[in-house]
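What's in upload.csv: CSV, C-alpha atoms and all ligand atoms
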```
chain,number,residue,atom,x,y,z
A,1,MET,CA,0.0,0.0,0.0
A,2,VAL,CA,1.5,3.4,-0.9
A,3,ARG,CA,0.7,6.8,0.5
A,4,GLN,CA,-2.7,8.3,0.0
A,5,ARG,CA,-3.5,11.5,-1.9
A,6,SER,CA,-4.0,13.4,1.3
A,7,ASN,CA,-0.3,13.6,1.7
A,8,ARG,CA,0.1,15.5,-1.5
A,9,GLY,CA,-0.6,19.0,-0.1
A,10,ARG,CA,2.2,18.4,2.5
A,11,ARG,CA,4.5,17.1,-0.1
A,12,GLU,CA,3.9,20.0,-2.5
A,13,LYS,CA,4.6,22.5,0.3
A,14,THR,CA,7.9,20.9,1.1
A,15,LEU,CA,8.8,20.9,-2.6
A,16,GLY,CA,8.7,24.6,-2.7
A,17,VAL,CA,11.2,25.0,0.1
A,18,TYR,CA,14.3,22.9,-0.7
A,19,PRO,CA,16.4,23.5,-3.8
A,20,SER,CA,17.2,19.8,-4.0
A,21,ARG,CA,13.5,19.2,-4.5
A,22,LEU,CA,13.6,21.5,-7.6
A,23,VAL,CA,15.6,18.7,-9.3
A,24,PHE,CA,12.8,16.3,-8.4
A,25,ARG,CA,10.1,18.6,-9.7
A,26,ILE,CA,11.9,18.9,-13.0
A,27,LEU,CA,12.5,15.2,-13.2
A,28,SER,CA,8.9,14.4,-12.3
A,29,TYR,CA,7.5,17.0,-14.8
A,30,TYR,CA,9.4,15.4,-17.7
A,31,SER,CA,8.7,11.8,-16.6
A,32,GLY,CA,4.9,12.4,-16.2
A,33,CYS,CA,5.1,10.9,-12.6
A,34,ARG,CA,4.4,14.2,-10.9
A,35,TRP,CA,2.6,12.7,-8.0
A,36,ALA,CA,5.1,10.0,-7.0
A,37,THR,CA,7.4,10.7,-4.0
A,38,PRO,CA,11.0,11.4,-4.8
A,39,GLY,CA,12.0,7.9,-3.6
A,40,GLU,CA,9.2,6.2,-5.7
A,41,LEU,CA,10.1,8.3,-8.7
A,42,MET,CA,13.8,7.4,-8.5
A,43,VAL,CA,13.1,3.7,-8.0
A,44,THR,CA,10.6,3.7,-10.9
A,45,MET,CA,13.0,5.5,-13.2
A,46,VAL,CA,16.0,3.3,-12.3
A,47,GLY,CA,13.8,0.2,-12.4
A,48,GLU,CA,12.6,1.1,-15.9
A,49,TRP,CA,16.1,1.8,-17.0
A,50,ILE,CA,17.3,-1.6,-15.7
A,51,TYR,CA,14.4,-3.4,-17.3
A,52,ARG,CA,15.2,-1.7,-20.7
A,53,LEU,CA,18.8,-2.8,-20.3
A,54,ILE,CA,17.8,-6.4,-19.6
A,55,TYR,CA,15.0,-6.5,-22.2
A,56,ARG,CA,16.9,-4.8,-25.1
A,57,GLY,CA,20.4,-5.9,-24.1
A,58,ALA,CA,19.7,-9.6,-23.3
A,59,LEU,CA,16.1,-10.9,-23.8
A,60,GLU,CA,15.7,-9.4,-27.3
A,61,SER,CA,18.9,-10.9,-28.5
A,62,LEU,CA,17.7,-14.4,-27.5
A,63,PRO,CA,15.3,-16.6,-29.7
A,64,GLU,CA,11.7,-15.7,-28.7
A,65,ALA,CA,11.0,-19.1,-27.0
A,66,ARG,CA,14.1,-18.8,-24.7
A,67,ALA,CA,13.4,-15.2,-24.0
A,68,VAL,CA,9.8,-16.0,-22.9
A,69,ALA,CA,11.0,-18.8,-20.6
A,70,MET,CA,13.7,-16.7,-19.1
A,71,GLY,CA,11.5,-13.6,-18.7
A,72,GLN,CA,8.8,-15.6,-17.0
A,73,ALA,CA,11.3,-17.4,-14.7
A,74,LEU,CA,12.7,-14.0,-13.7
A,75,PHE,CA,9.3,-12.3,-13.2
A,76,LYS,CA,7.9,-15.0,-10.9
A,77,ARG,CA,10.9,-14.8,-8.7
A,78,LEU,CA,10.8,-11.0,-8.1
A,79,PRO,CA,9.6,-10.2,-4.6
A,80,ILE,CA,7.1,-7.7,-6.0
A,81,GLU,CA,4.6,-8.2,-3.1
A,82,TYR,CA,7.2,-6.7,-0.8
A,83,LEU,CA,7.9,-3.7,-3.1
A,84,PRO,CA,5.2,-1.1,-2.5
A,85,PHE,CA,6.5,1.4,-5.2
A,86,PHE,CA,4.9,-0.9,-7.8
A,87,ARG,CA,1.4,0.0,-6.5
A,88,LEU,CA,-0.7,3.1,-6.1
A,89,SER,CA,-3.8,3.2,-4.0
A,90,ASP,CA,-6.2,6.1,-4.5
A,91,PRO,CA,-10.0,5.9,-4.0
A,92,ARG,CA,-10.5,8.0,-7.1
A,93,LEU,CA,-9.1,5.1,-9.2
A,94,VAL,CA,-11.6,2.5,-8.0
A,95,THR,CA,-13.4,1.1,-11.0
A,96,PRO,CA,-16.7,-0.7,-10.9
A,97,LEU,CA,-16.8,-3.5,-13.5
A,98,GLY,CA,-19.9,-5.7,-13.7
A,99,GLY,CA,-20.6,-4.8,-10.1
A,100,VAL,CA,-17.1,-5.8,-9.0
A,101,ALA,CA,-14.9,-3.0,-7.5
A,102,LEU,CA,-11.4,-3.0,-9.1
A,103,PRO,CA,-8.9,-0.9,-7.2
A,104,ASN,CA,-8.0,0.8,-10.5
A,105,PRO,CA,-8.9,0.4,-14.2
A,106,LEU,CA,-5.8,-1.5,-15.4
A,107,ILE,CA,-6.1,-5.1,-16.3
A,108,LEU,CA,-3.4,-7.6,-17.3
A,109,SER,CA,-4.7,-9.1,-20.5
A,110,SER,CA,-5.0,-12.9,-21.0
A,111,MET,CA,-1.7,-14.7,-21.5
A,112,TYR,CA,-0.4,-16.4,-18.3
A,113,TYR,CA,-1.8,-19.4,-16.4
A,114,ASP,CA,1.1,-20.0,-14.0
A,115,PRO,CA,-0.2,-19.1,-10.5
A,116,ALA,CA,3.2,-17.6,-9.4
A,117,ILE,CA,3.1,-15.2,-12.4
A,118,LEU,CA,-0.6,-14.2,-11.7
A,119,ARG,CA,0.2,-13.7,-8.0
A,120,ASN,CA,3.1,-11.3,-8.9
A,121,ALA,CA,1.1,-9.5,-11.5
A,122,MET,CA,-1.6,-8.8,-8.9
A,123,ALA,CA,1.1,-7.0,-6.9
A,124,ALA,CA,2.5,-5.1,-9.9
A,125,GLY,CA,-0.1,-2.4,-9.8
A,126,PHE,CA,-2.9,-3.9,-11.9
A,127,GLY,CA,-6.5,-3.5,-10.8
A,128,ALA,CA,-7.4,-7.0,-12.1
A,129,VAL,CA,-5.5,-9.9,-13.7
A,130,THR,CA,-6.8,-12.2,-16.4
A,131,THR,CA,-5.8,-15.9,-16.7
A,132,LYS,CA,-4.8,-17.5,-20.0
A,133,SER,CA,-7.9,-18.7,-21.9
A,134,ILE,CA,-8.5,-22.2,-20.5
A,135,THR,CA,-9.8,-25.0,-22.7
A,136,ALA,CA,-11.6,-28.2,-21.9
A,137,ASN,CA,-8.6,-30.4,-22.6
A,138,PRO,CA,-4.9,-29.8,-22.0
A,139,ARG,CA,-3.3,-28.2,-25.1
A,140,PRO,CA,0.4,-28.1,-26.0
A,141,GLY,CA,-0.2,-25.1,-28.2
A,142,HIS,CA,1.0,-24.8,-31.8
A,143,PRO,CA,4.5,-26.0,-32.6
A,144,GLU,CA,7.4,-23.5,-32.4
A,145,PRO,CA,8.0,-20.9,-33.7
A,146,ASN,CA,4.7,-19.7,-32.3
A,147,LEU,CA,5.8,-16.2,-31.3
A,148,VAL,CA,7.9,-13.6,-33.2
A,149,ARG,CA,8.9,-10.0,-32.5
A,150,VAL,CA,7.8,-7.4,-35.0
A,151,SER,CA,8.9,-3.8,-35.4
A,152,THR,CA,6.1,-1.7,-36.7
A,153,ALA,CA,5.9,2.0,-37.5
A,154,ALA,CA,4.2,2.5,-34.1
A,155,GLY,CA,6.8,0.5,-32.1
A,156,ARG,CA,7.6,-3.0,-30.9
A,157,GLY,CA,5.0,-5.7,-30.9
A,158,PHE,CA,4.5,-9.5,-31.5
A,159,VAL,CA,2.8,-11.9,-33.7
A,160,ASN,CA,1.8,-15.1,-32.0
A,161,CYS,CA,0.1,-18.4,-32.9
A,162,ASN,CA,0.2,-19.7,-29.3
A,163,GLY,CA,-2.8,-21.9,-29.9
A,164,PHE,CA,-4.0,-21.9,-26.3
A,165,LYS,CA,-1.1,-23.7,-24.6
A,166,ASN,CA,-2.7,-24.5,-21.2
A,167,PRO,CA,-3.1,-27.4,-18.7
A,168,GLY,CA,-6.9,-27.9,-19.4
A,169,LEU,CA,-9.9,-27.7,-17.2
A,170,ALA,CA,-9.3,-30.4,-14.7
A,171,ALA,CA,-5.7,-29.5,-13.9
A,172,TYR,CA,-6.4,-25.8,-13.9
A,173,ARG,CA,-9.3,-26.2,-11.5
A,174,GLU,CA,-6.8,-27.4,-8.9
A,175,LEU,CA,-4.2,-24.7,-9.8
A,176,LEU,CA,-6.8,-21.9,-9.4
A,177,LYS,CA,-7.3,-22.9,-5.8
A,178,THR,CA,-3.8,-21.5,-5.2
A,179,VAL,CA,-4.2,-18.2,-6.9
A,180,PRO,CA,-4.8,-15.4,-4.4
A,181,HIS,CA,-7.3,-12.6,-4.9
A,182,ARG,CA,-5.2,-9.6,-3.9
A,183,VAL,CA,-7.1,-7.9,-6.8
A,184,PRO,CA,-10.0,-9.4,-8.7
A,185,LEU,CA,-9.2,-12.4,-10.9
A,186,ILE,CA,-10.7,-12.7,-14.3
A,187,VAL,CA,-10.9,-16.4,-15.3
A,188,ALA,CA,-10.8,-16.7,-19.1
A,189,VAL,CA,-12.1,-19.6,-21.1
A,190,ALA,CA,-12.3,-20.7,-24.8
A,191,GLY,CA,-14.4,-23.6,-26.0
A,192,GLU,CA,-14.9,-25.3,-29.4
A,193,SER,CA,-18.6,-25.8,-29.0
A,194,ILE,CA,-21.5,-24.3,-26.9
A,195,PRO,CA,-21.5,-27.2,-24.4
A,196,GLU,CA,-17.7,-26.9,-24.0
A,197,TYR,CA,-18.0,-23.1,-23.2
A,198,CYS,CA,-20.8,-23.9,-20.7
A,199,GLN,CA,-18.8,-26.6,-19.0
A,200,LEU,CA,-15.8,-24.4,-18.6
A,201,VAL,CA,-17.8,-21.5,-17.2
A,202,ALA,CA,-19.8,-23.7,-14.9
A,203,GLU,CA,-16.7,-25.3,-13.5
A,204,LEU,CA,-14.3,-22.4,-13.4
A,205,SER,CA,-16.4,-19.3,-12.6
A,206,ARG,CA,-16.4,-19.9,-8.8
A,207,PHE,CA,-12.6,-19.3,-8.8
A,208,GLY,CA,-12.9,-15.9,-10.6
A,209,ASP,CA,-14.5,-12.6,-9.7
A,210,LEU,CA,-15.4,-12.2,-13.3
A,211,VAL,CA,-15.4,-14.6,-16.3
A,212,GLU,CA,-14.1,-13.8,-19.8
A,213,CYS,CA,-15.3,-15.7,-22.8
A,214,ASN,CA,-12.8,-15.6,-25.6
A,215,ILE,CA,-14.6,-15.9,-29.0
A,216,SER,CA,-11.9,-14.1,-30.8
A,217,SER,CA,-8.5,-15.8,-30.9
A,218,PRO,CA,-7.3,-16.0,-34.5
A,219,ASN,CA,-5.2,-19.1,-33.8
A,220,THR,CA,-7.9,-21.7,-33.2
A,221,ARG,CA,-10.3,-22.1,-36.1
A,222,LEU,CA,-13.5,-23.0,-34.2
A,223,VAL,CA,-13.0,-20.0,-31.8
A,224,TYR,CA,-12.2,-17.5,-34.5
A,225,GLU,CA,-15.0,-18.6,-36.8
A,226,LEU,CA,-17.6,-18.0,-34.1
A,227,SER,CA,-17.7,-14.3,-35.0
A,228,SER,CA,-19.1,-15.1,-38.4
A,229,LYS,CA,-21.9,-17.3,-36.9
A,230,PRO,CA,-24.1,-14.8,-35.1
A,231,SER,CA,-27.0,-17.2,-34.4
A,232,GLU,CA,-24.6,-19.7,-32.7
A,233,VAL,CA,-23.1,-16.8,-30.7
A,234,ARG,CA,-26.6,-15.7,-29.6
A,235,GLN,CA,-27.4,-19.2,-28.4
A,236,LEU,CA,-24.0,-19.3,-26.7
A,237,PHE,CA,-24.6,-16.1,-24.7
A,238,LYS,CA,-28.1,-17.3,-23.8
A,239,GLU,CA,-26.8,-20.6,-22.4
A,240,LEU,CA,-23.7,-19.0,-20.7
A,241,SER,CA,-25.9,-16.6,-18.8
A,242,GLN,CA,-27.7,-19.6,-17.3
A,243,VAL,CA,-24.7,-21.3,-15.9
A,244,THR,CA,-23.0,-18.6,-13.8
A,245,LEU,CA,-24.0,-15.7,-11.5
A,246,LYS,CA,-20.5,-14.1,-12.0
A,247,PRO,CA,-20.3,-11.1,-14.4
A,248,LEU,CA,-19.5,-12.3,-17.9
A,249,ILE,CA,-17.1,-10.5,-20.3
A,250,VAL,CA,-17.1,-11.3,-24.0
A,251,LYS,CA,-13.8,-10.7,-25.7
A,252,LEU,CA,-14.3,-9.7,-29.3
A,253,SER,CA,-12.0,-9.7,-32.4
A,254,PRO,CA,-11.1,-6.4,-34.1
A,255,ASP,CA,-11.2,-8.4,-37.3
A,256,PHE,CA,-15.0,-8.6,-37.2
A,257,ALA,CA,-16.0,-5.0,-36.5
A,258,GLU,CA,-19.2,-5.0,-38.5
A,259,ALA,CA,-20.4,-8.3,-37.1
A,260,ASN,CA,-19.6,-7.1,-33.6
A,261,TYR,CA,-21.7,-4.0,-34.0
A,262,SER,CA,-24.6,-5.5,-35.9
A,263,ALA,CA,-25.0,-8.9,-34.3
A,264,LEU,CA,-22.6,-10.0,-31.5
A,265,ILE,CA,-23.0,-7.1,-29.1
A,266,PRO,CA,-26.8,-6.9,-29.5
A,267,ALA,CA,-26.9,-10.7,-28.8
A,268,ALA,CA,-24.7,-10.3,-25.7
A,269,LEU,CA,-26.9,-7.5,-24.4
A,270,ASP,CA,-30.0,-9.5,-25.0
A,271,ALA,CA,-28.5,-12.3,-22.8
A,272,GLY,CA,-27.5,-9.8,-20.1
A,273,VAL,CA,-23.8,-9.8,-21.0
A,274,ALA,CA,-22.8,-6.2,-20.9
A,275,ILE,CA,-19.0,-6.2,-20.5
A,276,ILE,CA,-17.3,-6.0,-23.9
A,277,ASN,CA,-13.6,-6.5,-24.2
A,278,TRP,CA,-12.4,-5.0,-27.5
A,279,GLY,CA,-10.3,-6.8,-28.3
A,280,ASN,CA,-8.0,-9.6,-29.2
A,281,THR,CA,-5.1,-9.6,-31.6
A,282,ARG,CA,-5.5,-8.9,-35.3
A,283,ARG,CA,-4.9,-11.8,-37.7
A,284,VAL,CA,-2.0,-11.3,-40.0
A,285,THR,CA,0.1,-13.4,-42.3
A,286,GLU,CA,3.5,-14.2,-40.8
A,287,PRO,CA,5.7,-16.7,-42.7
A,288,ARG,CA,8.1,-17.1,-39.7
A,289,LEU,CA,5.4,-18.8,-37.6
A,290,SER,CA,4.7,-22.5,-37.8
A,291,GLN,CA,1.1,-21.7,-38.8
A,292,ARG,CA,2.2,-19.1,-41.3
A,293,ALA,CA,-0.2,-16.7,-39.7
A,294,GLY,CA,-1.0,-15.3,-36.2
A,295,GLY,CA,-2.3,-12.5,-34.1
A,296,LEU,CA,-0.6,-9.1,-34.1
A,297,SER,CA,-0.4,-7.4,-30.8
A,298,GLY,CA,1.2,-4.1,-29.6
A,299,PRO,CA,1.1,-0.4,-30.5
A,300,GLU,CA,0.2,-0.9,-34.1
A,301,LEU,CA,-3.3,-1.8,-32.8
A,302,PHE,CA,-3.8,1.3,-30.7
A,303,PRO,CA,-5.3,3.8,-33.2
A,304,ASP,CA,-8.0,1.3,-34.1
A,305,THR,CA,-8.7,0.4,-30.5
A,306,LEU,CA,-9.2,4.1,-29.7
A,307,ALA,CA,-11.5,4.6,-32.7
A,308,GLN,CA,-13.6,1.5,-31.8
A,309,VAL,CA,-14.0,2.6,-28.2
A,310,LYS,CA,-15.3,6.0,-29.4
A,311,LYS,CA,-17.7,4.2,-31.8
A,312,LEU,CA,-18.9,1.7,-29.2
A,313,ARG,CA,-19.6,4.4,-26.7
A,314,GLY,CA,-21.4,6.4,-29.4
A,315,LEU,CA,-23.6,3.5,-30.5
A,316,PHE,CA,-24.3,1.7,-27.2
A,317,GLY,CA,-24.0,4.5,-24.7
A,318,SER,CA,-24.0,3.4,-21.1
A,319,ASN,CA,-25.6,0.0,-21.9
A,320,ILE,CA,-22.2,-1.6,-22.1
A,321,GLU,CA,-19.0,-1.5,-20.0
A,322,ILE,CA,-15.9,-1.4,-22.3
A,323,ILE,CA,-12.6,-3.0,-21.6
A,324,ALA,CA,-10.2,-1.4,-24.2
A,325,THR,CA,-7.4,-3.8,-25.2
A,326,GLY,CA,-4.9,-3.4,-28.0
A,327,GLY,CA,-1.7,-1.5,-28.1
A,328,VAL,CA,-1.5,0.2,-24.8
A,329,ASP,CA,2.2,0.8,-23.9
A,330,HIS,CA,2.2,4.4,-22.6
A,331,PRO,CA,0.3,6.3,-19.9
A,332,ASP,CA,-1.2,8.7,-22.4
A,333,LYS,CA,-2.7,5.9,-24.4
A,334,ALA,CA,-4.5,4.5,-21.3
A,335,LEU,CA,-5.7,8.0,-20.5
A,336,ALA,CA,-7.0,8.5,-24.1
A,337,LEU,CA,-9.0,5.3,-23.9
A,338,LEU,CA,-10.6,6.2,-20.6
A,339,ARG,CA,-11.4,9.6,-21.9
A,340,ALA,CA,-13.1,8.0,-24.9
A,341,GLY,CA,-15.4,6.0,-22.7
A,342,ALA,CA,-13.6,2.8,-21.7
A,343,ALA,CA,-14.4,1.6,-18.2
A,344,ALA,CA,-11.1,-0.2,-18.0
A,345,VAL,CA,-7.9,-0.7,-20.0
A,346,SER,CA,-6.1,-3.9,-20.5
A,347,TYR,CA,-2.7,-4.7,-22.0
A,348,PHE,CA,-0.2,-7.5,-22.5
A,349,THR,CA,2.5,-6.5,-25.0
A,350,GLY,CA,3.3,-3.3,-23.1
A,351,PHE,CA,3.9,-5.4,-20.0
A,352,ILE,CA,6.7,-7.1,-21.9
A,353,THR,CA,8.1,-4.3,-24.0
A,354,ARG,CA,7.9,-1.6,-21.3
A,355,GLY,CA,8.2,-3.8,-18.2
A,356,PRO,CA,6.4,-4.2,-14.9
A,357,PHE,CA,6.7,-0.5,-14.0
A,358,LEU,CA,4.2,0.6,-16.7
A,359,ALA,CA,1.1,0.0,-14.5
A,360,ARG,CA,2.5,2.3,-11.8
A,361,ARG,CA,3.4,4.9,-14.4
A,362,ILE,CA,-0.1,4.9,-15.9
A,363,LEU,CA,-1.7,5.2,-12.4
A,364,ASP,CA,0.5,8.2,-11.6
A,365,ARG,CA,-0.6,9.8,-14.9
A,366,LEU,CA,-4.2,9.1,-14.1
A,367,CYS,CA,-3.9,10.7,-10.7
A,368,GLN,CA,-2.2,13.7,-12.2
A,369,GLU,CA,-5.1,14.1,-14.5
A,370,LEU,CA,-7.7,13.7,-11.7
A,371,ASP,CA,-5.9,16.4,-9.8
A,372,ARG,CA,-5.7,18.7,-12.8
A,373,THR,CA,-9.4,18.4,-13.6
A,374,GLY,CA,-10.5,18.3,-9.9
A,375,SER,CA,-12.4,15.0,-10.7
A,376,ARG,CA,-13.7,12.9,-7.9
A,377,ASP,CA,-13.4,9.7,-9.9
A,378,LEU,CA,-12.4,8.4,-13.4
A,379,SER,CA,-15.8,9.1,-14.9
A,380,GLY,CA,-14.9,12.8,-14.5
A,381,LEU,CA,-12.2,12.3,-17.1
A,382,ARG,CA,-14.6,11.0,-19.7
A,383,ASP,CA,-15.2,13.1,-22.8
A,384,SER,CA,-18.9,13.8,-22.4
A,385,SER,CA,-19.4,14.7,-26.1
A,386,ASN,CA,-18.8,11.0,-26.8
A,387,VAL,CA,-21.5,9.5,-24.6
A,388,VAL,CA,-25.1,8.8,-25.5
A,389,GLY,CA,-27.8,7.2,-23.4
A,401,LIG,C1,1.7,-14.8,-26.7
A,401,LIG,C2,0.3,-14.3,-26.6
A,401,LIG,C3,-0.7,-15.2,-26.0
A,401,LIG,C4,-2.0,-14.7,-25.9
A,401,LIG,N1,-2.9,-15.6,-25.3
A,401,LIG,C5,-4.2,-15.2,-25.2
A,401,LIG,C6,-5.2,-16.0,-24.6
A,401,LIG,O1,-5.0,-17.1,-24.2
A,401,LIG,N2,-6.5,-15.5,-24.6
A,401,LIG,C7,-6.8,-14.3,-25.0
A,401,LIG,O2,-8.0,-13.9,-24.9
A,401,LIG,N3,-5.9,-13.4,-25.5
A,401,LIG,C8,-4.6,-13.9,-25.6
A,401,LIG,N4,-3.7,-13.0,-26.1
A,401,LIG,C9,-4.1,-11.7,-26.6
A,401,LIG,C10,-3.9,-10.6,-25.5
A,401,LIG,O3,-4.6,-10.9,-24.3
A,401,LIG,C11,-4.3,-9.2,-26.0
A,401,LIG,O4,-5.7,-9.2,-26.2
A,401,LIG,C12,-3.6,-8.8,-27.3
A,401,LIG,O5,-2.3,-9.1,-27.2
A,401,LIG,C13,-3.8,-7.3,-27.6
A,401,LIG,O6,-3.3,-6.5,-26.5
A,401,LIG,P1,-1.8,-5.9,-26.5
A,401,LIG,O7,-1.6,-5.1,-27.7
A,401,LIG,O8,-1.8,-5.1,-25.2
A,401,LIG,O9,-0.9,-7.1,-26.4
A,401,LIG,C14,-2.3,-13.4,-26.3
A,401,LIG,C15,-1.4,-12.6,-26.8
A,401,LIG,C16,-0.1,-13.0,-26.9
A,401,LIG,C17,1.0,-12.0,-27.5
```
What is this structure when it is put down as structure tokens?
Amino acid sequence: MVRQRSNRGRREKTLGVYPSRLVFRILSYYSGCRWATPGELMVTMVGEWIYRLIYRGALESLPEARAVAMGQALFKRLPIEYLPFFRLSDPRLVTPLGGVALPNPLILSSMYYDPAILRNAMAAGFGAVTTKSITANPRPGHPEPNLVRVSTAAGRGFVNCNGFKNPGLAAYRELLKTVPHRVPLIVAVAGESIPEYCQLVAELSRFGDLVECNISSPNTRLVYELSSKPSEVRQLFKELSQVTLKPLIVKLSPDFAEANYSALIPAALDAGVAIINWGNTRRVTEPRLSQRAGGLSGPELFPDTLAQVKKLRGLFGSNIEIIATGGVDHPDKALALLRAGAAAVSYFTGFITRGPFLARRILDRLCQELDRTGSRDLSGLRDSSNVVG
């Protein structure tokens, strides 16, 4: 737990007095972390610098599969729960999502199933953490290479054809018992038929605070094709809403924008599913991957994510709660999505390319904006011209 906002006035007063604090003020102004204490700011900046050194100097020079294994091994051994500067607690950041109170609007997007990684991610500043999409049977994932780095005009990203590598329903049910709920846990599932989705939600939802149904991964044919079968999706939502009392999230594909607007979101709303995660990776051809195609993630997705959030808010007003996913790797991008009407912002690639300090940096930026606008909560940052209903 880090200091509360009420200390700010005292801190600002002190800042005016000592010349040494002037250096801090200048540093904080340029780093965008104006509201961190000098100690927190120094640690965050040095931490980011060390991460960049490790990521660009070592991990990026390794083949992707080895870099992933090494990065995950390192991350789960970091004593993050004992390092308070990763977190920022401020009541103005509390975010209601499906009736669940997230301590802030940042969500780690679906990718990890290892409980030790999820536990550390919960201590790394996120307001909620999502599990990997779990399938009915264990899956080894697609053969390697199933992840490659890409350098786009917008910055560093990935293309993956992971293929839902996960231990499967029965084994994961046991593992989930060991995952703490320091912040809300979103249990994610992906099925290959309606009964499979229903079985997964029925058996796993009691371990999560919310449940996310992935109907959008581009790397598993039966999942990806669902978006072009609106009557099947309508039936799916109807049956899913009967098997759990937990708030359901539907994770949509940016590749099916028109179907999302005209059929899938209306079907979700009719079934009482009002949390829309837009979205998953975008399918692209990638000859370096074993499947010759995969899902693009990272900053190249951001302009479309922002445009779609604005459109969603304009079309569906306050009938839906939007989780904006795709390309967030900077505090200003998270802020732009919240302004456009997202209830929460989720990311994965930025967690890797920018490191575990990104969440704290975003939270500092949000508090800075709340102070600047005098808002009592995040809804005060929303651009009202964009909201109907
Ligand atoms: C290696 C890898 C594995 C992923 N696995 C899943 C998954 O199991 N389920 C899912 O819904 N999304 C999965 N995603 C997609 C991310 O959760 C996220 O939606 C996507 O990467 C876009 O966000 P980003 O640009 O912040 O990474 C995966 C992404 C990557 C790169």
If you count all atoms listed in the file, which residues end up within 6 Å of ligand LIG 401 (chain A), as a PyMOL selection string? chain A and resi 109-111+132-133+158+160+162+164+214+279-281+297-298+325-328+347-350
Shortest interatomic distance to A:Val345 - which of A:Met70, A:Ile107, A:Val148, A:Ala58, counting all atoms listed in the file: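 Under the stated criterion, the closest residue is A:Ile107.
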Please indicate the distance in Å from atom CA of A:Ala36 to atom CA of A:Tyr82, rounded to one decimal place. 17.9 Å
Could you check how far atom CA of A:Pro184 sits from atom CA of A:Thr244, in Å to one decimal?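 Between atom CA of A:Pro184 and atom CA of A:Thr244 the gap works out to 16.7 Å.
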Distance atom CA of A:Leu53-atom CA of A:Thr131, one decimal place? 28.1 Å
May I have the residues within 12 Å of A:Phe316 as a PDB file with C-alpha atoms, in the coordinates of the input, using all atoms listed in the file and disregarding those fewer than 5 positions away in the same chain?
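Done, and the output landed in around.pdb:
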```pdb
ATOM      1  CA  ASN A 260     -19.600  -7.100 -33.600  1.00  0.00           C
ATOM      2  CA  TYR A 261     -21.700  -4.000 -34.000  1.00  0.00           C
ATOM      3  CA  SER A 262     -24.600  -5.500 -35.900  1.00  0.00           C
ATOM      4  CA  ILE A 265     -23.000  -7.100 -29.100  1.00  0.00           C
ATOM      5  CA  PRO A 266     -26.800  -6.900 -29.500  1.00  0.00           C
ATOM      6  CA  LEU A 269     -26.900  -7.500 -24.400  1.00  0.00           C
ATOM      7  CA  ALA A 274     -22.800  -6.200 -20.900  1.00  0.00           C
ATOM      8  CA  ILE A 275     -19.000  -6.200 -20.500  1.00  0.00           C
ATOM      9  CA  ILE A 276     -17.300  -6.000 -23.900  1.00  0.00           C
ATOM     10  CA  GLN A 308     -13.600   1.500 -31.800  1.00  0.00           C
ATOM     11  CA  VAL A 309     -14.000   2.600 -28.200  1.00  0.00           C
ATOM     12  CA  LYS A 310     -15.300   6.000 -29.400  1.00  0.00           C
ATOM     13  CA  LYS A 311     -17.700   4.200 -31.800  1.00  0.00           C
ATOM     14  CA  GLU A 321     -19.000  -1.500 -20.000  1.00  0.00           C
ATOM     15  CA  ILE A 322     -15.900  -1.400 -22.300  1.00  0.00           C
ATOM     16  CA  GLY A 341     -15.400   6.000 -22.700  1.00  0.00           C
ATOM     17  CA  ASN A 386     -18.800  11.000 -26.800  1.00  0.00           C
ATOM     18  CA  VAL A 387     -21.500   9.500 -24.600  1.00  0.00           C
ATOM     19  CA  VAL A 388     -25.100   8.800 -25.500  1.00  0.00           C
ATOM     20  CA  GLY A 389     -27.800   7.200 -23.400  1.00  0.00           C
TER      21      GLY A 389
END
```
For A:Leu366, work out the shell of residues within 10 Å, counting only C-alpha atoms and skipping chain neighbours fewer than 3 positions away, then give it as an NGL selection string. :A and (32-33 or 35 or 92-93 or 104-105 or 331-332 or 334-335 or 338 or 360-363 or 369-372 or 378 or 381)
Taking (-2.7, -2.4, -16.2) in the coordinates of the supplied file, I want to know which residues reach to within 7 Å of it, counting all atoms listed in the file; could you give the answer as a list in words? Leu106, Ile107, Leu108, Gly125, Phe126, Gly127, Val345, Ser346, Tyr347 and Ala359 of chain A
Long-range neighbours of A:Pro84 as a PyMOL selection string, 12 Å cut-off, all atoms listed in the file, 3 positions minimum in chain: chain A and resi 1-3+36+39-40+43-44+79-81+87-89+123-125+357+360
Between A:Leu97, A:Val187, A:Val273, A:Ile54, which is the closest to A:Tyr112 once you count all atoms listed in the file?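 Closest to A:Tyr112 of all the choices is A:Val187.
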Residue among A:Leu147, A:Ile249, A:Ala324, A:Ala170 lying closest to A:Arg292, counting all atoms listed in the file: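 Among the listed residues, A:Leu147 lies closest to A:Arg292.
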Your completed stretch 317-321 of chain A with N, CA and C atoms, as a compact mmCIF listing (two decimals), in the coordinates of the input:
```txt
# COMPACT_ATOMS: atom_id res chain seq x y z
N GLY A 317 -23.84 3.67 -25.85
CA GLY A 317 -24.00 4.50 -24.70
C GLY A 317 -23.56 3.80 -23.39
N SER A 318 -24.35 3.99 -22.36
CA SER A 318 -24.00 3.40 -21.10
C SER A 318 -24.58 1.99 -20.90
N ASN A 319 -25.08 1.39 -22.01
CA ASN A 319 -25.60 0.00 -21.90
C ASN A 319 -24.48 -1.01 -21.79
N ILE A 320 -23.27 -0.62 -22.21
CA ILE A 320 -22.20 -1.60 -22.10
C ILE A 320 -21.03 -0.98 -21.27
N GLU A 321 -20.22 -1.88 -20.71
CA GLU A 321 -19.00 -1.50 -20.00
C GLU A 321 -17.85 -1.97 -20.91
```
